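Colleague: Dropping in work_15.csv, with CSV, C-alpha atoms.
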chain,number,residue,atom,x,y,z
N,1,MET,CA,82.2,76.6,116.2
N,2,PRO,CA,85.7,76.0,114.6
N,3,LEU,CA,87.0,78.7,112.3
N,4,THR,CA,87.0,76.3,109.3
N,5,GLU,CA,83.2,75.7,109.7
N,6,LEU,CA,82.6,79.4,110.1
N,7,ALA,CA,84.5,80.0,106.9
N,8,ALA,CA,82.4,77.3,105.1
N,9,LEU,CA,79.3,79.0,106.4
N,10,PHE,CA,80.5,82.3,105.1
N,11,ALA,CA,81.4,80.9,101.7
N,12,TYR,CA,78.1,79.2,101.4
N,13,PHE,CA,76.1,82.3,102.0
N,14,LEU,CA,78.4,84.3,99.7
N,15,MET,CA,77.4,81.8,96.9
N,16,LEU,CA,73.7,82.0,97.9
N,17,SER,CA,73.7,85.8,97.5
N,18,PHE,CA,74.2,85.4,93.8
N,19,ILE,CA,71.5,82.9,93.2
N,20,ALA,CA,68.8,84.3,95.5
N,21,VAL,CA,66.6,85.7,92.8
N,22,GLY,CA,63.2,86.2,94.4
N,23,GLY,CA,64.6,87.3,97.7
N,24,ALA,CA,65.3,85.7,101.0
N,25,PRO,CA,62.1,83.6,101.2
N,26,SER,CA,62.9,81.8,97.9
N,27,ILE,CA,66.1,80.3,99.3
N,28,LEU,CA,64.6,79.1,102.6
N,29,PRO,CA,64.3,75.4,101.5
N,30,GLU,CA,67.9,75.4,100.3
N,31,ILE,CA,69.2,77.0,103.6
N,32,HIS,CA,67.2,74.5,105.6
N,33,ARG,CA,68.8,71.6,103.6
N,34,TYR,CA,72.3,72.9,104.2
N,35,VAL,CA,72.2,73.9,107.9
N,36,VAL,CA,69.7,71.2,109.2
N,37,GLU,CA,70.0,68.2,106.9
N,38,VAL,CA,73.6,68.3,105.6
N,39,ASN,CA,75.5,69.9,108.6
N,40,GLY,CA,73.1,69.4,111.5
N,41,TRP,CA,74.0,72.8,113.0
N,42,ILE,CA,70.5,73.4,114.1
N,43,THR,CA,67.4,71.3,114.6
N,44,SER,CA,64.4,71.6,112.2
N,45,SER,CA,62.1,72.8,115.0
N,46,ASP,CA,64.6,75.5,116.1
N,47,PHE,CA,65.0,76.6,112.5
N,48,ALA,CA,61.2,77.1,112.3
N,49,ARG,CA,61.2,78.8,115.6
N,50,LEU,CA,63.8,81.3,114.4
N,51,TYR,CA,61.9,82.0,111.3
N,52,THR,CA,58.7,82.7,113.3
N,53,LEU,CA,60.6,85.0,115.6
N,54,ALA,CA,61.9,87.0,112.7
N,55,GLN,CA,58.3,87.3,111.4
N,56,VAL,CA,57.0,88.5,114.8
N,57,ALA,CA,59.5,91.3,114.9
N,58,PRO,CA,59.2,94.3,112.6
N,59,GLY,CA,61.7,94.5,109.8
N,60,PRO,CA,62.4,92.9,106.4
N,61,ASN,CA,62.0,89.2,105.8
N,62,VAL,CA,65.8,88.8,105.6
N,63,MET,CA,66.1,89.3,109.4
N,64,TYR,CA,65.9,85.6,109.9
N,65,LEU,CA,69.5,85.3,108.6
N,66,PRO,CA,71.3,87.2,111.4
N,67,LEU,CA,69.2,85.1,113.9
N,68,LEU,CA,70.2,81.9,112.2
N,69,GLY,CA,73.9,82.9,112.2
N,70,TRP,CA,73.7,83.9,115.9
N,71,ASP,CA,72.1,80.6,116.8
N,72,ILE,CA,74.7,78.6,115.0
N,73,ALA,CA,77.9,80.5,115.9
N,74,GLY,CA,77.1,83.5,118.2
N,75,TRP,CA,77.8,87.1,117.1
N,76,PRO,CA,80.6,86.1,114.6
N,77,GLY,CA,78.1,83.8,113.0
N,78,ALA,CA,75.4,86.5,112.8
N,79,LEU,CA,77.8,89.0,111.2
N,80,ALA,CA,79.5,86.6,108.8
N,81,LEU,CA,76.2,85.2,107.6
N,82,THR,CA,74.5,88.6,107.1
N,83,PHE,CA,77.5,90.2,105.5
N,84,ALA,CA,78.1,87.3,103.1
N,85,PHE,CA,74.5,87.2,102.0
N,86,ILE,CA,74.0,91.0,101.6
N,87,ALA,CA,77.3,92.4,100.3
N,88,PRO,CA,77.6,90.7,96.9
N,89,SER,CA,74.0,91.1,95.7
N,90,LEU,CA,74.0,94.7,97.0
N,91,THR,CA,77.1,95.6,95.1
N,92,LEU,CA,75.6,94.1,91.9
N,93,THR,CA,72.3,96.0,92.5
N,94,MET,CA,74.0,99.3,93.0
N,95,TRP,CA,76.2,98.8,90.0
N,96,VAL,CA,73.0,98.4,87.8
N,97,ALA,CA,71.4,101.4,89.6
N,98,ARG,CA,74.5,103.4,88.6
N,99,LEU,CA,74.1,102.3,85.0
N,100,TYR,CA,70.5,103.5,85.0
N,101,ALA,CA,71.5,106.8,86.5
N,102,ARG,CA,74.2,107.4,83.9
N,103,HIS,CA,72.0,106.8,81.0
N,104,PRO,CA,68.5,107.7,82.2
N,105,THR,CA,67.1,108.2,78.7
N,106,GLY,CA,69.3,105.7,76.8
N,107,THR,CA,67.1,103.4,74.6
N,108,ALA,CA,68.5,100.2,76.0
N,109,VAL,CA,68.1,101.2,79.7
N,110,LEU,CA,64.6,102.6,79.0
N,111,ALA,CA,63.6,99.3,77.3
N,112,VAL,CA,64.8,97.3,80.3
N,113,ARG,CA,63.1,99.5,82.8
N,114,ARG,CA,59.8,99.6,80.9
N,115,GLY,CA,60.0,95.9,79.9
N,116,LEU,CA,60.5,94.6,83.4
N,117,THR,CA,57.6,96.7,84.9
N,118,PRO,CA,54.8,94.2,84.0
N,119,ILE,CA,56.9,91.3,85.2
N,120,THR,CA,57.5,92.8,88.6
N,121,ILE,CA,53.8,93.5,89.0
N,122,GLY,CA,52.9,89.9,88.1
N,123,LEU,CA,55.5,88.7,90.5
N,124,THR,CA,54.2,90.8,93.4
N,125,CYS,CA,50.7,89.4,92.8
N,126,ALA,CA,52.0,85.9,92.5
N,127,SER,CA,53.8,86.1,95.9
N,128,GLY,CA,50.6,87.4,97.5
N,129,TRP,CA,48.7,84.4,95.9
N,130,VAL,CA,51.3,81.8,97.1
N,131,LEU,CA,51.6,83.2,100.6
N,132,MET,CA,47.8,83.4,101.0
N,133,HIS,CA,47.4,79.7,100.8
N,134,GLY,CA,50.1,79.2,103.5
N,135,ALA,CA,48.6,81.8,105.8
N,136,ALA,CA,45.0,80.7,105.8
N,137,GLU,CA,43.7,77.5,107.4
N,138,ASP,CA,40.1,77.9,106.4
N,139,TRP,CA,37.7,80.5,105.0
N,140,ARG,CA,38.2,82.9,108.0
N,141,GLY,CA,41.8,83.4,107.1
N,142,TYR,CA,40.9,84.2,103.5
N,143,ALA,CA,38.2,86.5,104.7
N,144,LEU,CA,40.7,88.4,106.8
N,145,THR,CA,43.1,88.7,103.9
N,146,ALA,CA,40.3,89.9,101.6
N,147,PHE,CA,39.2,92.4,104.3
N,148,THR,CA,42.7,93.7,104.5
N,149,VAL,CA,42.9,94.3,100.7
N,150,VAL,CA,39.7,96.3,100.7
N,151,PHE,CA,40.7,98.2,103.9
N,152,VAL,CA,44.0,99.4,102.5
N,153,THR,CA,42.9,100.1,98.9
N,154,ARG,CA,39.6,101.8,99.8
N,155,THR,CA,40.4,103.7,103.1
N,156,SER,CA,43.1,105.9,104.3
N,157,PHE,CA,43.3,104.6,107.9
N,158,ASN,CA,46.8,103.7,109.1
N,159,PRO,CA,47.2,100.0,108.1
N,160,LEU,CA,49.0,99.3,111.4
N,161,TRP,CA,45.5,99.1,112.9
N,162,ILE,CA,44.5,96.2,110.8
N,163,LEU,CA,47.8,94.4,111.8
N,164,VAL,CA,46.8,94.9,115.4
N,165,ALA,CA,43.3,93.7,114.7
N,166,GLY,CA,44.8,90.6,112.9
N,167,ALA,CA,47.0,89.8,115.9
N,168,GLY,CA,43.9,90.1,118.1
N,169,ALA,CA,41.8,87.9,115.9
N,170,GLY,CA,44.5,85.3,116.0
N,171,LEU,CA,44.8,85.5,119.8
N,172,PHE,CA,41.0,85.0,120.3
N,173,GLY,CA,41.0,82.1,117.9
N,174,LEU,CA,38.9,83.9,115.3
N,175,VAL,CA,41.2,82.9,112.4
L,1,MET,CA,56.4,111.1,81.3
L,2,PRO,CA,57.9,112.0,84.6
L,3,ALA,CA,60.2,108.9,84.7
L,4,ASP,CA,61.9,110.0,81.5
L,5,ALA,CA,62.6,113.5,82.7
L,6,PRO,CA,66.2,114.4,83.7
L,7,GLU,CA,66.9,113.8,87.4
L,8,CYS,CA,67.1,117.5,88.2
L,9,GLY,CA,63.4,117.5,89.0
L,10,GLN,CA,63.7,115.1,91.9
L,11,PRO,CA,63.3,116.0,95.5
L,12,GLN,CA,66.3,116.9,97.6
L,13,VAL,CA,66.9,114.1,100.0
L,14,GLY,CA,70.1,113.7,102.1
L,15,PRO,CA,71.6,110.7,103.9
L,16,ALA,CA,70.0,111.8,107.3
L,17,ASP,CA,66.6,111.9,105.7
L,18,LEU,CA,67.1,108.5,104.2
L,19,PHE,CA,68.3,107.0,107.5
L,20,ARG,CA,65.2,108.4,109.4
L,21,ALA,CA,62.7,107.4,106.7
L,22,PHE,CA,63.9,103.8,106.4
L,23,ALA,CA,64.2,103.4,110.2
L,24,VAL,CA,60.6,104.4,110.6
L,25,LEU,CA,59.4,102.3,107.7
L,26,THR,CA,61.3,99.2,108.8
L,27,LEU,CA,59.7,99.4,112.3
L,28,HIS,CA,56.3,99.3,110.6
L,29,SER,CA,57.2,96.3,108.5
L,30,PHE,CA,55.4,93.2,109.9
L,31,GLY,CA,55.3,90.4,107.3
L,32,GLY,CA,57.6,92.1,104.8
L,33,ALA,CA,58.6,95.7,103.9
L,34,LEU,CA,57.1,96.0,100.4
L,35,PHE,CA,53.8,97.5,101.4
L,36,TRP,CA,55.3,100.0,103.8
L,37,SER,CA,58.1,101.0,101.3
L,38,ARG,CA,55.5,101.9,98.7
L,39,ARG,CA,53.4,103.8,101.2
L,40,MET,CA,56.4,105.8,102.5
L,41,LEU,CA,58.1,106.5,99.2
L,42,ILE,CA,55.0,107.5,97.2
L,43,GLU,CA,52.1,108.4,99.5
L,44,GLN,CA,53.8,109.9,102.5
L,45,ARG,CA,57.1,111.5,101.3
L,46,GLY,CA,56.4,111.9,97.6
L,47,TRP,CA,60.0,110.9,96.8
L,48,LEU,CA,59.0,108.7,93.9
L,49,THR,CA,56.2,108.5,91.4
L,50,GLU,CA,54.3,105.2,91.0
L,51,GLN,CA,56.2,104.4,87.8
L,52,GLU,CA,59.6,105.2,89.3
L,53,PHE,CA,58.7,103.0,92.3
L,54,VAL,CA,57.8,100.0,90.1
L,55,GLU,CA,61.1,100.5,88.2
L,56,VAL,CA,63.1,100.5,91.4
L,57,LEU,CA,61.2,97.5,92.7
L,58,ALA,CA,61.9,95.6,89.5
L,59,LEU,CA,65.7,96.1,90.1
L,60,ALA,CA,65.3,95.0,93.8
L,61,GLN,CA,63.1,91.9,92.9
L,62,LEU,CA,64.8,90.6,89.8
L,63,LEU,CA,68.4,90.9,90.8
L,64,PRO,CA,69.6,88.4,93.4
L,65,GLY,CA,69.6,89.2,97.1
L,66,ALA,CA,67.1,90.3,99.7
L,67,ASN,CA,64.4,92.5,98.0
L,68,GLY,CA,64.0,94.9,100.9
L,69,THR,CA,67.7,95.7,101.3
L,70,ASN,CA,68.2,96.0,97.6
L,71,LEU,CA,65.3,98.5,97.5
L,72,ALA,CA,66.7,100.5,100.3
L,73,ALA,CA,70.1,100.6,98.6
L,74,VAL,CA,68.8,101.6,95.2
L,75,VAL,CA,66.6,104.4,96.7
L,76,GLY,CA,69.5,105.7,98.9
L,77,TYR,CA,71.9,105.6,96.0
L,78,ARG,CA,69.4,107.4,93.7
L,79,PHE,CA,69.2,110.4,96.0
L,80,ALA,CA,72.6,110.6,97.7
L,81,GLY,CA,75.0,108.2,96.1
L,82,VAL,CA,76.9,105.6,98.1
L,83,ARG,CA,76.6,107.5,101.3
L,84,GLY,CA,72.8,107.6,100.8
L,85,ALA,CA,72.7,103.9,100.1
L,86,LEU,CA,74.7,103.1,103.3
L,87,ALA,CA,72.5,105.5,105.3
L,88,ALA,CA,69.3,103.9,104.0
L,89,MET,CA,70.7,100.4,104.7
L,90,ALA,CA,71.7,101.3,108.2
L,91,GLY,CA,68.3,102.7,108.9
L,92,PHE,CA,66.6,99.7,107.4
L,93,MET,CA,68.7,96.9,109.1
L,94,GLY,CA,69.7,98.5,112.4
L,95,PRO,CA,66.5,99.0,114.3
L,96,PRO,CA,65.1,95.5,113.6
L,97,LEU,CA,68.3,94.0,114.8
L,98,LEU,CA,68.0,95.8,118.1
L,99,VAL,CA,64.3,94.8,118.4
L,100,ILE,CA,65.1,91.2,117.6
L,101,GLY,CA,67.9,91.3,120.1
L,102,ALA,CA,65.5,92.5,122.8
L,103,ILE,CA,62.6,90.2,122.1
L,104,GLY,CA,64.8,87.3,121.1
L,105,ALA,CA,65.8,86.5,124.7
L,106,VAL,CA,62.2,86.8,125.9
L,107,TYR,CA,61.0,84.6,123.1
L,108,TYR,CA,63.5,81.9,124.0
L,109,LEU,CA,62.2,81.9,127.6
L,110,TYR,CA,58.6,81.6,126.6
L,111,ALA,CA,59.0,79.8,123.3
L,112,ASP,CA,56.3,77.3,124.0
L,113,LEU,CA,53.6,79.8,124.8
L,114,ALA,CA,51.0,79.3,122.2
L,115,PHE,CA,49.7,82.8,122.1
L,116,VAL,CA,52.6,84.1,120.0
L,117,GLN,CA,51.7,81.5,117.4
L,118,HIS,CA,48.1,82.4,117.5
L,119,ALA,CA,48.7,86.2,117.1
L,120,LEU,CA,51.2,85.4,114.3
L,121,LYS,CA,48.5,83.5,112.4
L,122,GLY,CA,46.2,86.5,112.3
L,123,MET,CA,49.0,88.8,111.4
L,124,ALA,CA,50.1,86.6,108.6
L,125,ALA,CA,46.7,86.7,107.0
L,126,VAL,CA,46.8,90.5,107.2
L,127,ALA,CA,50.4,90.7,105.9
L,128,VAL,CA,49.4,88.7,102.8
L,129,GLY,CA,46.5,91.1,102.2
L,130,LEU,CA,49.1,94.0,102.3
L,131,VAL,CA,51.2,92.3,99.6
L,132,ILE,CA,48.1,91.7,97.4
L,133,ALA,CA,47.0,95.4,97.9
L,134,THR,CA,50.4,96.5,96.8
L,135,GLY,CA,50.2,94.4,93.7
L,136,ILE,CA,46.8,96.0,92.9
L,137,LYS,CA,48.1,99.5,93.5
L,138,ILE,CA,51.2,99.2,91.4
L,139,ALA,CA,49.3,97.6,88.5
L,140,ARG,CA,47.8,101.0,87.8
L,141,VAL,CA,50.9,102.0,86.0
L,142,LEU,CA,50.1,99.4,83.3
L,143,GLY,CA,47.3,101.7,82.0
L,144,ALA,CA,45.0,100.3,79.3
L,145,ARG,CA,47.7,98.7,77.1
L,146,TRP,CA,47.1,95.1,76.4
L,147,PHE,CA,50.7,93.9,75.9
L,148,PRO,CA,52.1,94.7,79.4
L,149,TRP,CA,48.9,93.2,80.9
L,150,THR,CA,49.5,90.0,79.0
L,151,ILE,CA,53.1,89.9,80.4
L,152,THR,CA,51.8,90.5,84.0
L,153,VAL,CA,49.1,87.8,83.7
L,154,LEU,CA,51.6,85.3,82.3
L,155,THR,CA,54.1,86.0,85.1
L,156,PHE,CA,51.4,85.6,87.7
L,157,ALA,CA,50.1,82.4,86.1
L,158,GLY,CA,53.6,80.9,85.7
L,159,VAL,CA,55.0,81.7,89.2
L,160,GLY,CA,51.8,81.9,91.2
L,161,LEU,CA,49.4,79.3,89.6
L,162,MET,CA,51.8,76.8,88.0
L,163,ARG,CA,54.6,77.3,90.6
L,164,TRP,CA,57.2,77.0,87.8
L,165,PRO,CA,60.7,78.0,88.9
L,166,LEU,CA,61.1,81.8,88.9
L,167,LEU,CA,64.3,81.7,86.9
L,168,ILE,CA,62.7,79.8,84.0
L,169,VAL,CA,59.7,82.1,83.9
L,170,LEU,CA,62.1,85.1,83.9
L,171,ALA,CA,64.3,83.6,81.2
L,172,VAL,CA,61.3,83.3,78.9
L,173,LEU,CA,59.3,86.4,79.6
L,174,ALA,CA,62.0,89.0,80.3
L,175,PRO,CA,63.6,89.0,76.8
L,176,ILE,CA,60.2,89.2,75.2
L,177,ALA,CA,59.0,92.1,77.4
L,178,ILE,CA,62.3,94.0,76.9
L,179,VAL,CA,62.3,93.6,73.1
L,180,ALA,CA,58.7,94.7,72.9
L,181,ALA,CA,59.5,97.8,75.0
L,182,TRP,CA,62.5,98.5,72.7
L,183,LYS,CA,60.3,98.2,69.6
L,184,GLY,CA,57.7,100.4,71.1
L,185,HIS,CA,60.2,103.3,71.3
L,186,HIS,CA,61.2,103.1,67.7
What does the file become when written as structure tokens?
Modeller:
Amino acid sequence: MPLTELAALFAYFLMLSFIAVGGAPSILPEIHRYVVEVNGWITSSDFARLYTLAQVAPGPNVMYLPLLGWDIAGWPGALALTFAFIAPSLTLTMWVARLYARHPTGTAVLAVRRGLTPITIGLTCASGWVLMHGAAEDWRGYALTAFTVVFVTRTSFNPLWILVAGAGAGLFGLV
Amino acid sequence: MPADAPECGQPQVGPADLFRAFAVLTLHSFGGALFWSRRMLIEQRGWLTEQEFVEVLALAQLLPGANGTNLAAVVGYRFAGVRGALAAMAGFMGPPLLVIGAIGAVYYLYADLAFVQHALKGMAAVAVGLVIATGIKIARVLGARWFPWTITVLTFAGVGLMRWPLLIVLAVLAPIAIVAAWKGHH
């Protein structure tokens, strides 16, 4: 890939870093539009395959970004894309964290911390709700999800076991 | 309340501890790191209380960027400054990159094998259950007060049921919630 295109890729993900409220999954459609539809750097099926690969592997959801960069432009692409996406938002987040730490009992900081608590809880439940409809094809998928919720809220077994069980259920066509 | 106490009561955690802890947690994280972060930080290591975790999570979720990396950075920074944040980030991102590098080549060779897709379908249903379970567990900090519950339900309804854009829901609810929390302290 020519250096000018790599620079464009870098600048684009730098911009995305500031608008990616809701995390890496929330900007997936926009990234797809840019790299597949606008620039044709990767086919739609390869894009989906990379995303699947990142999900199969352990690690945060954002791991699909280095893979995408690597597929488009090799190691320079992987580094440029990951750094561009992570560095700006990380700087902003740490700056706010420092503000919290400096004024741990300040009225304004306390109001923000306490005020945002119920919103975060609602958002977490909402993302579970939205993802659930994408993950399940029929009642068996929903049943596995429900079983997982009961398993991890009511027992103290290592939840890795239920992930293994889920993979097995998928392999044998049970979900 | 523990979250209001000065930071002197918090556990001693160095950059090496942070690197190790986040490396272990990230290698458990199939289908997202949220569930495993909460389990490690609260239940296994006792580094944060439930209330402190939710506050850190709010920062990580509501500011732009990847939630998981934001969370690692904030937790690292809280215990060991910038060095802690970098150590937590390195532990969080490094091992998955190595794993993906290793399985990436294999996957490209056998990309058409259907069994990976099948296994993934089952794991996805479990991963969703882990997210929902985390939501249920952290909701305990809301206690029996009706106003925070109202905000939680409205957020869930707006983003989850109505599928309204996140930014619009936040722009409406965040100011209301913050002003209410402010008034509550006066």
Colleague: Determine, using only C-alpha atoms, which residues of segment 32-106 of chain L have any atom at most 12 Å from an atom of segment 164-168 of chain L, and tabulate each with its shortest atom pair and distance in Å to one decimal place, rows ordered by chain and then rising number, as a tab-separated table.
Modeller:
residue	atom	partner	partner_atom	distance
L:Gln61	CA	L:Leu166	CA	11.0
L:Leu62	CA	L:Leu167	CA	9.4
L:Leu63	CA	L:Leu167	CA	10.8
L:Pro64	CA	L:Leu167	CA	10.7
Colleague: Write out the residues from the selection above, keeping C-alpha atoms, as a CSV table (one decimal), in the frame of the given file.
Modeller:
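Result written to result-v4.csv:
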chain,number,residue,atom,x,y,z
L,61,GLN,CA,63.1,91.9,92.9
L,62,LEU,CA,64.8,90.6,89.8
L,63,LEU,CA,68.4,90.9,90.8
L,64,PRO,CA,69.6,88.4,93.4
Colleague: Calculate how many Å separate atom CA of Gln10 of chain L from atom CA of Gln51 of chain L, rounding to one decimal.
Modeller: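 A separation of 13.7 Å between them.
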Colleague: Could you check which of N:Ile27, N:Ala8, N:Met94, N:Ala78 is closest to chain L, using all atoms listed in the file?
Modeller: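 Of N:Ile27, N:Ala8, N:Met94, N:Ala78, the one nearest chain L is N:Met94, counting all atoms listed in the file.
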Colleague: So which residues touch segment 146-149 of chain L within 12 Å, counting all atoms listed in the file, skipping near sequence neighbours fewer than 5 positions away, as an MDAnalysis selection string?
Modeller: (chainID N and resid 114:122) or (chainID L and resid 139:141 154:156 173:174 176:181 184)
Colleague: Find the residues around Gly32 of chain L up to 12 Å (all atoms listed in the file counted), leave out those fewer than 5 positions away in its own chain, and share them as a PyMOL selection string.
Modeller: (chain N and resi 23-25+54-64+124+127-128+131) or (chain L and resi 25-27+37-38+66-69+123-124+126-131+134)
Colleague: Quick one: of L:Arg20, L:His28, L:Arg145, L:Arg83, who's nearest to chain N, counting only C-alpha atoms?
Modeller: L:His28
Colleague: Could you state the separation of atom CA of Arg154 of chain N and atom CA of Gly46 of chain L in Å, given to one decimal place?
Modeller: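 Computing it gives 19.7 Å between the two atoms.
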Colleague: With distances taken over all atoms listed in the file, which of L:Ala90, L:Val75, L:Ala144, L:Ala33 is nearest to chain N?
Modeller: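 Closest to chain N of all the choices is L:Ala33.
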